[in-house]
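Novice: First the structure, then my questions, so here it is.
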Amino acid sequence: MEKKGILIVVSGFSGAGKGTLMKKLVSEYEGYALSVSMTTREPRVGEVDGREYYFTSRERFEEVIAADGLIEYATYVDNYYGTPVEYVEKELEAGKDVLLEIEIQGALKVKEKFPSALLLFVMPPSIDELRKRLLKRGTETGEIIEKRLRRAGEEAEGIEFYDYLVINDDLNECVIRLHEIITAAHAAPARNIDFIKKLRNDLS
Ligand code: 5GP
């Protein structure tokens with residue numbers, strides 16, 4: 001089958017544990033590349049520029065939009081977030097599966113541009129657990145947590161657009177499950193058109 005990389009979008013409510021999941025997936029399995037987004041939000045304690053995000057000003061962000069430097073971008077709780085195009089194209093070309101950890105507006109834009117993208121939605125085991133995780137993280141004020149939970153309510157409306165749900169109850173199990181889903185997605189006929197064409201050619 002083809003060795004081409006696929007574009008994988010991972011979304012989920014704030015506090016669902018996407019960031020930790022992505023880091024573990026990339027460190028435990030070969031063949032993944034994790035895209036680093038640009039954002040205008042302030043870094044959280046422990047976040048490093050160029051690792052979690054490229055932290056930037058609104059002015060700079062708007063310049064990059066104007067220069068067509070982003071695959072997609074969206075606003076989320078008063079800040080811009082976007083995916084730089086260059087890294088994604090380079091890694092897909094190199095055969096890597098590229099992971100985008102982005103919210104729903106961006107996810108839908110990616111699906112429009114790249115119909116063969118795989119859309120995954122990470123769910124917490126319950127909303128009670130989600131609130132607990134957000135409070136425990138301790139990086140946001142009560143007001144921001146409430147805004148993020150409200151946004152989660154909006155995002156919940158769009159979950160049906162995704163290809164698969166992944167429940168993040170146990171981190172290790174969830175990483176294995178994600179990798180299994182992605183492995184299976186590679187076998188979809190729509191992602192192997194050139195291989196199918198070659199077989200047909202060889203038959204005729
Ligand atoms: P956080 O501030 O918690 O790091 O991220 C807030 C939300 O923005 C999360 O849902 C995250 O997935 C999303 N996000 C991060 N980077 C991007 C991006 O490049 N584009 C879009 N559309 N959303 C992003």
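A note on labels: chains of the structure tokens are A, B, ... as shown, every chain counts residues from 1, and ligands are counted from 1 in their shown order.
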Do you have, as a Markdown table, the list of residues of segment 77-127 of chain A lying at most 10 Å from segment 10-19 of chain A, each with its nearest atom pair and that distance in Å to one decimal, counting only C-alpha atoms and ordered by chain then number?
Specialist:
```
| residue | atom | partner | partner_atom | distance |
| --- | --- | --- | --- | --- |
| A:Leu99 | CA | A:Val10 | CA | 7.0 |
| A:Leu100 | CA | A:Val10 | CA | 6.0 |
| A:Glu101 | CA | A:Val10 | CA | 4.8 |
| A:Ile102 | CA | A:Ser11 | CA | 5.4 |
| A:Glu103 | CA | A:Ser11 | CA | 5.3 |
| A:Ile104 | CA | A:Ser11 | CA | 6.6 |
| A:Gly106 | CA | A:Ser11 | CA | 9.5 |
| A:Ala107 | CA | A:Ser11 | CA | 7.5 |
| A:Leu118 | CA | A:Val10 | CA | 8.5 |
| A:Leu119 | CA | A:Val10 | CA | 6.2 |
| A:Leu120 | CA | A:Val10 | CA | 4.9 |
| A:Phe121 | CA | A:Ser11 | CA | 4.9 |
| A:Val122 | CA | A:Gly12 | CA | 4.7 |
| A:Met123 | CA | A:Gly12 | CA | 6.0 |
| A:Pro124 | CA | A:Ala16 | CA | 5.1 |
| A:Pro125 | CA | A:Ala16 | CA | 8.8 |
| A:Ser126 | CA | A:Ala16 | CA | 9.7 |
| A:Ile127 | CA | A:Ala16 | CA | 9.6 |
```
Novice: Contacts of segment 43-54 of chain A at 9 Å or less, counting only C-alpha atoms, minus same-chain residues fewer than 5 places along, as a PyMOL selection string?
Specialist: chain A and resi 19+36-38+139-140
Novice: Could you pull the residues within 12 Å of Pro115 of chain A, counting only C-alpha atoms, minus those fewer than 2 positions along the same chain, as a short mmCIF file (atom, residue, chain, number, x, y, z; two decimals) with C-alpha atoms, in the first residue's frame?
Specialist:
```cif
data_model
loop_
_atom_site.label_atom_id
_atom_site.label_comp_id
_atom_site.auth_asym_id
_atom_site.auth_seq_id
_atom_site.Cartn_x
_atom_site.Cartn_y
_atom_site.Cartn_z
CA ILE A 6 -2.07 11.47 6.11
CA LEU A 7 -3.27 14.61 7.75
CA ILE A 8 -4.80 13.90 11.15
CA VAL A 9 -6.88 16.45 12.98
CA ALA A 107 -10.93 21.15 11.69
CA LEU A 108 -13.80 21.76 9.28
CA LYS A 109 -11.68 24.07 7.14
CA VAL A 110 -8.96 21.41 6.95
CA LYS A 111 -11.55 18.81 5.87
CA GLU A 112 -12.69 21.14 3.06
CA LYS A 113 -9.14 21.66 1.81
CA ALA A 117 -7.89 14.20 6.33
CA LEU A 118 -8.81 11.99 9.30
CA LEU A 119 -10.81 13.82 11.99
CA ASP A 163 -14.64 10.35 11.82
CA ALA A 190 -9.84 6.53 -0.66
CA ARG A 191 -6.34 6.93 0.79
#
```
Novice: Could you tell me how far atom CA of Glu160 of chain A sits from atom 2 (O, counted along the ligand's line) of ligand 1, in Å to one decimal place?
Specialist: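 A separation of 22.9 Å between them.
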Novice: Looking only at helix (DSSP H, G or I) from DSSP on the backbone, list the matching residues of segment 7-203 of chain A as JSON, numbers by chain.
Specialist: {"A": [18, 19, 20, 21, 22, 23, 24, 25, 26, 27, 28, 58, 59, 60, 61, 62, 63, 64, 65, 66, 85, 86, 87, 88, 89, 90, 91, 92, 93, 104, 105, 106, 107, 108, 109, 110, 111, 112, 113, 127, 128, 129, 130, 131, 132, 133, 134, 135, 136, 137, 142, 143, 144, 145, 146, 147, 148, 149, 150, 151, 152, 153, 154, 155, 156, 159, 160, 161, 171, 172, 173, 174, 175, 176, 177, 178, 179, 180, 181, 182, 183, 184, 185, 186, 189, 190, 191, 193, 194, 195, 196, 197, 198, 199, 200, 201, 202, 203]}
Novice: In segment 38-167 of chain A, what's strand (DSSP E) per DSSP? Answer as an mmCIF file with all heavy atoms, in the first residue's frame?
Specialist:
```
data_model
loop_
_atom_site.group_PDB
_atom_site.id
_atom_site.type_symbol
_atom_site.label_atom_id
_atom_site.label_comp_id
_atom_site.auth_asym_id
_atom_site.auth_seq_id
_atom_site.Cartn_x
_atom_site.Cartn_y
_atom_site.Cartn_z
ATOM 1 N N MET A 38 0.563 28.608 15.593
ATOM 2 C CA MET A 38 0.838 29.977 16.048
ATOM 3 C C MET A 38 -0.349 30.423 16.887
ATOM 4 O O MET A 38 -1.482 30.075 16.561
ATOM 5 C CB MET A 38 0.871 30.918 14.844
ATOM 6 C CG MET A 38 2.182 31.066 14.180
ATOM 7 S SD MET A 38 1.993 32.230 12.814
ATOM 8 C CE MET A 38 2.332 33.741 13.664
ATOM 9 N N THR A 39 -0.095 31.185 17.929
ATOM 10 C CA THR A 39 -1.212 31.728 18.695
ATOM 11 C C THR A 39 -0.886 33.096 19.269
ATOM 12 O O THR A 39 0.290 33.417 19.474
ATOM 13 C CB THR A 39 -1.636 30.798 19.860
ATOM 14 O OG1 THR A 39 -2.795 31.346 20.493
ATOM 15 C CG2 THR A 39 -0.554 30.639 20.905
ATOM 16 N N TYR A 53 3.706 26.160 21.167
ATOM 17 C CA TYR A 53 3.173 27.112 20.173
ATOM 18 C C TYR A 53 4.285 28.055 19.748
ATOM 19 O O TYR A 53 5.286 28.198 20.446
ATOM 20 C CB TYR A 53 2.079 28.004 20.809
ATOM 21 C CG TYR A 53 0.746 27.346 21.020
ATOM 22 C CD1 TYR A 53 0.344 26.948 22.292
ATOM 23 C CD2 TYR A 53 -0.139 27.146 19.953
ATOM 24 C CE1 TYR A 53 -0.905 26.345 22.496
ATOM 25 C CE2 TYR A 53 -1.379 26.553 20.153
ATOM 26 C CZ TYR A 53 -1.754 26.152 21.418
ATOM 27 O OH TYR A 53 -2.980 25.569 21.609
ATOM 28 N N TYR A 54 4.040 28.758 18.621
ATOM 29 C CA TYR A 54 4.792 29.969 18.321
ATOM 30 C C TYR A 54 3.930 31.097 18.863
ATOM 31 O O TYR A 54 2.846 31.360 18.332
ATOM 32 C CB TYR A 54 5.004 30.126 16.813
ATOM 33 C CG TYR A 54 5.842 29.016 16.228
ATOM 34 C CD1 TYR A 54 5.271 28.025 15.441
ATOM 35 C CD2 TYR A 54 7.216 28.964 16.477
ATOM 36 C CE1 TYR A 54 6.039 26.986 14.917
ATOM 37 C CE2 TYR A 54 7.989 27.928 15.956
ATOM 38 C CZ TYR A 54 7.396 26.954 15.191
ATOM 39 O OH TYR A 54 8.160 25.934 14.692
ATOM 40 N N PHE A 55 4.366 31.692 19.959
ATOM 41 C CA PHE A 55 3.588 32.767 20.570
ATOM 42 C C PHE A 55 3.900 34.066 19.837
ATOM 43 O O PHE A 55 5.068 34.381 19.594
ATOM 44 C CB PHE A 55 3.935 32.873 22.062
ATOM 45 C CG PHE A 55 3.550 31.640 22.833
ATOM 46 C CD1 PHE A 55 4.489 30.670 23.133
ATOM 47 C CD2 PHE A 55 2.230 31.423 23.216
ATOM 48 C CE1 PHE A 55 4.143 29.507 23.818
ATOM 49 C CE2 PHE A 55 1.866 30.265 23.893
ATOM 50 C CZ PHE A 55 2.824 29.304 24.199
ATOM 51 N N LEU A 70 -0.930 30.313 6.455
ATOM 52 C CA LEU A 70 -1.619 29.360 7.342
ATOM 53 C C LEU A 70 -2.567 28.463 6.546
ATOM 54 O O LEU A 70 -3.229 28.923 5.616
ATOM 55 C CB LEU A 70 -2.430 30.118 8.396
ATOM 56 C CG LEU A 70 -1.640 31.082 9.298
ATOM 57 C CD1 LEU A 70 -2.592 31.873 10.190
ATOM 58 C CD2 LEU A 70 -0.636 30.322 10.158
ATOM 59 N N ILE A 71 -2.618 27.178 6.930
ATOM 60 C CA ILE A 71 -3.580 26.265 6.293
ATOM 61 C C ILE A 71 -4.987 26.648 6.729
ATOM 62 O O ILE A 71 -5.947 26.576 5.977
ATOM 63 C CB ILE A 71 -3.295 24.816 6.736
ATOM 64 C CG1 ILE A 71 -2.023 24.321 6.078
ATOM 65 C CG2 ILE A 71 -4.466 23.897 6.433
ATOM 66 C CD1 ILE A 71 -1.703 22.896 6.398
ATOM 67 N N GLU A 72 -5.092 27.015 7.993
ATOM 68 C CA GLU A 72 -6.374 27.424 8.562
ATOM 69 C C GLU A 72 -6.064 28.239 9.797
ATOM 70 O O GLU A 72 -4.968 28.152 10.338
ATOM 71 C CB GLU A 72 -7.233 26.205 8.928
ATOM 72 C CG GLU A 72 -6.622 25.258 9.969
ATOM 73 C CD GLU A 72 -6.556 25.807 11.385
ATOM 74 O OE1 GLU A 72 -7.519 26.447 11.815
ATOM 75 O OE2 GLU A 72 -5.526 25.603 12.050
ATOM 76 N N TYR A 73 -7.038 29.032 10.234
ATOM 77 C CA TYR A 73 -6.906 29.698 11.528
ATOM 78 C C TYR A 73 -8.299 29.937 12.081
ATOM 79 O O TYR A 73 -9.292 29.847 11.347
ATOM 80 C CB TYR A 73 -6.110 31.010 11.412
ATOM 81 C CG TYR A 73 -6.837 32.097 10.666
ATOM 82 C CD1 TYR A 73 -7.599 33.047 11.349
ATOM 83 C CD2 TYR A 73 -6.784 32.164 9.285
ATOM 84 C CE1 TYR A 73 -8.284 34.034 10.657
ATOM 85 C CE2 TYR A 73 -7.469 33.145 8.592
ATOM 86 C CZ TYR A 73 -8.211 34.072 9.284
ATOM 87 O OH TYR A 73 -8.897 35.040 8.600
ATOM 88 N N ALA A 74 -8.367 30.189 13.385
ATOM 89 C CA ALA A 74 -9.658 30.420 14.013
ATOM 90 C C ALA A 74 -9.442 31.276 15.248
ATOM 91 O O ALA A 74 -8.308 31.427 15.714
ATOM 92 C CB ALA A 74 -10.281 29.088 14.417
ATOM 93 N N THR A 75 -10.538 31.827 15.770
ATOM 94 C CA THR A 75 -10.421 32.485 17.071
ATOM 95 C C THR A 75 -11.049 31.567 18.103
ATOM 96 O O THR A 75 -12.054 30.889 17.829
ATOM 97 C CB THR A 75 -11.123 33.856 17.114
ATOM 98 O OG1 THR A 75 -12.405 33.702 16.521
ATOM 99 C CG2 THR A 75 -10.355 34.910 16.376
ATOM 100 N N TYR A 76 -10.440 31.532 19.251
ATOM 101 C CA TYR A 76 -10.907 30.667 20.341
ATOM 102 C C TYR A 76 -10.720 31.447 21.636
ATOM 103 O O TYR A 76 -9.592 31.839 21.955
ATOM 104 C CB TYR A 76 -10.087 29.365 20.353
ATOM 105 C CG TYR A 76 -10.459 28.395 21.451
ATOM 106 C CD1 TYR A 76 -11.337 27.332 21.220
ATOM 107 C CD2 TYR A 76 -9.936 28.545 22.736
ATOM 108 C CE1 TYR A 76 -11.675 26.453 22.230
ATOM 109 C CE2 TYR A 76 -10.273 27.664 23.748
ATOM 110 C CZ TYR A 76 -11.143 26.628 23.479
ATOM 111 O OH TYR A 76 -11.479 25.750 24.488
ATOM 112 N N ASN A 79 -8.615 34.678 21.348
ATOM 113 C CA ASN A 79 -7.280 34.655 20.723
ATOM 114 C C ASN A 79 -7.297 33.960 19.370
ATOM 115 O O ASN A 79 -8.162 33.132 19.096
ATOM 116 C CB ASN A 79 -6.286 33.935 21.641
ATOM 117 C CG ASN A 79 -5.806 34.846 22.742
ATOM 118 O OD1 ASN A 79 -5.184 35.879 22.495
ATOM 119 N ND2 ASN A 79 -6.134 34.487 23.968
ATOM 120 N N TYR A 80 -6.312 34.332 18.553
ATOM 121 C CA TYR A 80 -6.117 33.655 17.271
ATOM 122 C C TYR A 80 -5.267 32.400 17.466
ATOM 123 O O TYR A 80 -4.302 32.419 18.256
ATOM 124 C CB TYR A 80 -5.273 34.525 16.332
ATOM 125 C CG TYR A 80 -5.958 35.604 15.549
ATOM 126 C CD1 TYR A 80 -5.415 36.883 15.524
ATOM 127 C CD2 TYR A 80 -7.077 35.340 14.775
ATOM 128 C CE1 TYR A 80 -5.978 37.898 14.763
ATOM 129 C CE2 TYR A 80 -7.648 36.348 14.005
ATOM 130 C CZ TYR A 80 -7.106 37.616 14.009
ATOM 131 O OH TYR A 80 -7.662 38.608 13.254
ATOM 132 N N TYR A 81 -5.596 31.355 16.676
ATOM 133 C CA TYR A 81 -4.779 30.144 16.618
ATOM 134 C C TYR A 81 -4.723 29.723 15.147
ATOM 135 O O TYR A 81 -5.755 29.752 14.473
ATOM 136 C CB TYR A 81 -5.431 28.985 17.389
ATOM 137 C CG TYR A 81 -5.524 29.154 18.883
ATOM 138 C CD1 TYR A 81 -6.530 29.931 19.456
ATOM 139 C CD2 TYR A 81 -4.617 28.520 19.721
ATOM 140 C CE1 TYR A 81 -6.628 30.073 20.833
ATOM 141 C CE2 TYR A 81 -4.721 28.653 21.100
ATOM 142 C CZ TYR A 81 -5.718 29.427 21.658
ATOM 143 O OH TYR A 81 -5.815 29.568 23.019
ATOM 144 N N GLY A 82 -3.555 29.319 14.644
ATOM 145 C CA GLY A 82 -3.495 28.901 13.242
ATOM 146 C C GLY A 82 -2.371 27.917 12.967
ATOM 147 O O GLY A 82 -1.401 27.826 13.722
ATOM 148 N N THR A 83 -2.517 27.191 11.850
ATOM 149 C CA THR A 83 -1.555 26.142 11.478
ATOM 150 C C THR A 83 -0.651 26.621 10.343
ATOM 151 O O THR A 83 -1.130 26.816 9.221
ATOM 152 C CB THR A 83 -2.315 24.895 10.965
ATOM 153 O OG1 THR A 83 -3.298 24.523 11.937
ATOM 154 C CG2 THR A 83 -1.365 23.734 10.714
ATOM 155 N N PRO A 84 0.644 26.799 10.610
ATOM 156 C CA PRO A 84 1.558 27.208 9.527
ATOM 157 C C PRO A 84 1.629 26.137 8.440
ATOM 158 O O PRO A 84 1.695 24.941 8.732
ATOM 159 C CB PRO A 84 2.913 27.352 10.236
ATOM 160 C CG PRO A 84 2.577 27.521 11.679
ATOM 161 C CD PRO A 84 1.328 26.721 11.896
ATOM 162 N N ASP A 97 2.798 11.053 9.030
ATOM 163 C CA ASP A 97 1.411 11.369 9.380
ATOM 164 C C ASP A 97 1.459 12.625 10.236
ATOM 165 O O ASP A 97 2.066 12.623 11.316
ATOM 166 C CB ASP A 97 0.788 10.231 10.189
ATOM 167 C CG ASP A 97 0.485 9.020 9.325
ATOM 168 O OD1 ASP A 97 0.475 9.167 8.083
ATOM 169 O OD2 ASP A 97 0.263 7.936 9.888
ATOM 170 N N VAL A 98 0.838 13.682 9.744
ATOM 171 C CA VAL A 98 0.962 14.966 10.436
ATOM 172 C C VAL A 98 -0.246 15.206 11.344
ATOM 173 O O VAL A 98 -1.397 15.130 10.905
ATOM 174 C CB VAL A 98 1.117 16.125 9.431
ATOM 175 C CG1 VAL A 98 1.221 17.460 10.150
ATOM 176 C CG2 VAL A 98 2.354 15.901 8.560
ATOM 177 N N LEU A 99 0.036 15.482 12.610
ATOM 178 C CA LEU A 99 -1.016 15.693 13.611
ATOM 179 C C LEU A 99 -1.261 17.177 13.826
ATOM 180 O O LEU A 99 -0.328 17.930 14.110
ATOM 181 C CB LEU A 99 -0.577 15.092 14.945
ATOM 182 C CG LEU A 99 -0.344 13.579 14.963
ATOM 183 C CD1 LEU A 99 0.558 13.192 16.132
ATOM 184 C CD2 LEU A 99 -1.683 12.844 15.059
ATOM 185 N N LEU A 100 -2.518 17.581 13.683
ATOM 186 C CA LEU A 100 -2.910 18.963 13.992
ATOM 187 C C LEU A 100 -3.837 18.909 15.189
ATOM 188 O O LEU A 100 -4.892 18.266 15.119
ATOM 189 C CB LEU A 100 -3.696 19.593 12.837
ATOM 190 C CG LEU A 100 -3.106 19.553 11.436
ATOM 191 C CD1 LEU A 100 -4.026 20.299 10.479
ATOM 192 C CD2 LEU A 100 -1.721 20.179 11.429
ATOM 193 N N GLU A 101 -3.452 19.566 16.276
ATOM 194 C CA GLU A 101 -4.329 19.581 17.442
ATOM 195 C C GLU A 101 -5.067 20.904 17.416
ATOM 196 O O GLU A 101 -4.558 21.921 17.875
ATOM 197 C CB GLU A 101 -3.453 19.431 18.684
ATOM 198 C CG GLU A 101 -4.222 19.094 19.913
ATOM 199 C CD GLU A 101 -3.813 19.986 21.061
ATOM 200 O OE1 GLU A 101 -2.661 19.906 21.501
ATOM 201 O OE2 GLU A 101 -4.671 20.773 21.498
ATOM 202 N N LEU A 118 -8.116 12.843 8.315
ATOM 203 C CA LEU A 118 -8.809 11.993 9.302
ATOM 204 C C LEU A 118 -9.127 12.867 10.514
ATOM 205 O O LEU A 118 -8.221 13.481 11.088
ATOM 206 C CB LEU A 118 -7.866 10.847 9.694
ATOM 207 C CG LEU A 118 -8.335 9.908 10.789
ATOM 208 C CD1 LEU A 118 -9.534 9.083 10.308
ATOM 209 C CD2 LEU A 118 -7.197 8.969 11.208
ATOM 210 N N LEU A 119 -10.406 12.936 10.891
ATOM 211 C CA LEU A 119 -10.806 13.818 11.993
ATOM 212 C C LEU A 119 -11.160 13.009 13.244
ATOM 213 O O LEU A 119 -12.106 12.211 13.228
ATOM 214 C CB LEU A 119 -12.021 14.668 11.569
ATOM 215 C CG LEU A 119 -11.736 16.039 10.936
ATOM 216 C CD1 LEU A 119 -10.792 15.958 9.751
ATOM 217 C CD2 LEU A 119 -13.015 16.747 10.546
ATOM 218 N N LEU A 120 -10.410 13.236 14.308
ATOM 219 C CA LEU A 120 -10.622 12.496 15.554
ATOM 220 C C LEU A 120 -11.048 13.454 16.667
ATOM 221 O O LEU A 120 -10.523 14.565 16.752
ATOM 222 C CB LEU A 120 -9.324 11.795 15.973
ATOM 223 C CG LEU A 120 -8.643 10.947 14.908
ATOM 224 C CD1 LEU A 120 -7.322 10.389 15.421
ATOM 225 C CD2 LEU A 120 -9.569 9.805 14.494
ATOM 226 N N PHE A 121 -11.963 13.005 17.492
ATOM 227 C CA PHE A 121 -12.431 13.858 18.593
ATOM 228 C C PHE A 121 -12.171 13.163 19.922
ATOM 229 O O PHE A 121 -12.671 12.066 20.166
ATOM 230 C CB PHE A 121 -13.923 14.165 18.433
ATOM 231 C CG PHE A 121 -14.362 15.372 19.199
ATOM 232 C CD1 PHE A 121 -14.432 16.618 18.577
ATOM 233 C CD2 PHE A 121 -14.661 15.281 20.550
ATOM 234 C CE1 PHE A 121 -14.817 17.752 19.294
ATOM 235 C CE2 PHE A 121 -15.044 16.409 21.275
ATOM 236 C CZ PHE A 121 -15.124 17.649 20.641
ATOM 237 N N VAL A 122 -11.370 13.810 20.767
ATOM 238 C CA VAL A 122 -11.037 13.233 22.072
ATOM 239 C C VAL A 122 -12.053 13.705 23.109
ATOM 240 O O VAL A 122 -12.282 14.913 23.257
ATOM 241 C CB VAL A 122 -9.613 13.660 22.515
ATOM 242 C CG1 VAL A 122 -9.287 13.085 23.885
ATOM 243 C CG2 VAL A 122 -8.575 13.220 21.486
ATOM 244 N N MET A 123 -12.668 12.749 23.783
ATOM 245 C CA MET A 123 -13.697 13.078 24.781
ATOM 246 C C MET A 123 -13.200 12.738 26.184
ATOM 247 O O MET A 123 -12.549 11.716 26.362
ATOM 248 C CB MET A 123 -14.935 12.203 24.557
ATOM 249 C CG MET A 123 -15.548 12.325 23.208
ATOM 250 S SD MET A 123 -16.712 13.648 23.217
ATOM 251 C CE MET A 123 -18.206 12.731 23.521
ATOM 252 N N TYR A 164 -13.961 9.679 14.070
ATOM 253 C CA TYR A 164 -13.942 8.773 15.229
ATOM 254 C C TYR A 164 -13.881 9.540 16.539
ATOM 255 O O TYR A 164 -13.257 10.589 16.608
ATOM 256 C CB TYR A 164 -12.717 7.833 15.174
ATOM 257 C CG TYR A 164 -12.782 6.868 14.030
ATOM 258 C CD1 TYR A 164 -12.119 7.144 12.837
ATOM 259 C CD2 TYR A 164 -13.524 5.693 14.127
ATOM 260 C CE1 TYR A 164 -12.196 6.277 11.764
ATOM 261 C CE2 TYR A 164 -13.605 4.817 13.062
ATOM 262 C CZ TYR A 164 -12.942 5.119 11.880
ATOM 263 O OH TYR A 164 -13.027 4.267 10.822
ATOM 264 N N LEU A 165 -14.497 8.935 17.559
ATOM 265 C CA LEU A 165 -14.387 9.445 18.923
ATOM 266 C C LEU A 165 -13.341 8.624 19.659
ATOM 267 O O LEU A 165 -13.255 7.411 19.433
ATOM 268 C CB LEU A 165 -15.692 9.205 19.680
ATOM 269 C CG LEU A 165 -16.920 9.984 19.300
ATOM 270 C CD1 LEU A 165 -18.076 9.537 20.198
ATOM 271 C CD2 LEU A 165 -16.656 11.468 19.483
ATOM 272 N N VAL A 166 -12.594 9.275 20.517
ATOM 273 C CA VAL A 166 -11.661 8.531 21.368
ATOM 274 C C VAL A 166 -11.880 9.021 22.797
ATOM 275 O O VAL A 166 -11.772 10.222 23.060
ATOM 276 C CB VAL A 166 -10.186 8.807 20.973
ATOM 277 C CG1 VAL A 166 -9.263 7.795 21.614
ATOM 278 C CG2 VAL A 166 -10.013 8.799 19.474
ATOM 279 N N ILE A 167 -12.232 8.112 23.692
ATOM 280 C CA ILE A 167 -12.470 8.507 25.086
ATOM 281 C C ILE A 167 -11.139 8.460 25.842
ATOM 282 O O ILE A 167 -10.486 7.417 25.874
ATOM 283 C CB ILE A 167 -13.488 7.565 25.795
ATOM 284 C CG1 ILE A 167 -14.747 7.358 24.949
ATOM 285 C CG2 ILE A 167 -13.813 8.081 27.198
ATOM 286 C CD1 ILE A 167 -15.685 8.508 24.865
#
```
Novice: For ligand 1, which of A:Lys24, A:Arg41, A:Arg133, A:Arg200 is the closest residue, counting only C-alpha atoms and all ligand atoms?
Specialist: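 When distances to ligand 1 are compared using only C-alpha atoms and all ligand atoms, the smallest one comes from A:Arg41.
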Novice: When you count only C-alpha atoms, which of these residues is closest to Glu143 of chain A: A:Ile181, A:Leu199, A:Leu130, A:Val77?
Specialist: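 Looking at the shortest contact to Glu143 of chain A, the residue is A:Val77.
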Novice: Using only C-alpha atoms and all ligand atoms, which of A:Ile65, A:Ser116, A:Leu135, A:Glu42 sits nearest ligand 1?
Specialist: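 Under the stated criterion, the closest residue is A:Glu42.
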Novice: Which polymer residues have any atom within 10 Å of an atom of Ile176 of chain A, counting only C-alpha atoms, with same-chain residues fewer than 2 positions away left out, as a PyMOL selection string?
Specialist: chain A and resi 24-25+28-29+171-174+178-181
Novice: Of the candidates A:Ala67, A:Ala184, A:Met22, A:Ala94, which shows the shortest atom-to-atom distance to ligand 1, using only C-alpha atoms and all ligand atoms?
Specialist: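 That would be A:Met22, the residue with the smallest distance to ligand 1.
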Novice: Which of these residues is nearest to Ile182 of chain A, using only C-alpha atoms: A:Gly31, A:Lys197, A:Thr20, A:Glu89?
Specialist: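 Under the stated criterion, the closest residue is A:Gly31.
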Novice: Name the closest residue to ligand 1 among the candidates A:Asn168, A:Ser35, A:Ser204, A:Asn192; distances are taken between atoms, counting only C-alpha atoms and all ligand atoms.
Specialist: A:Ser35
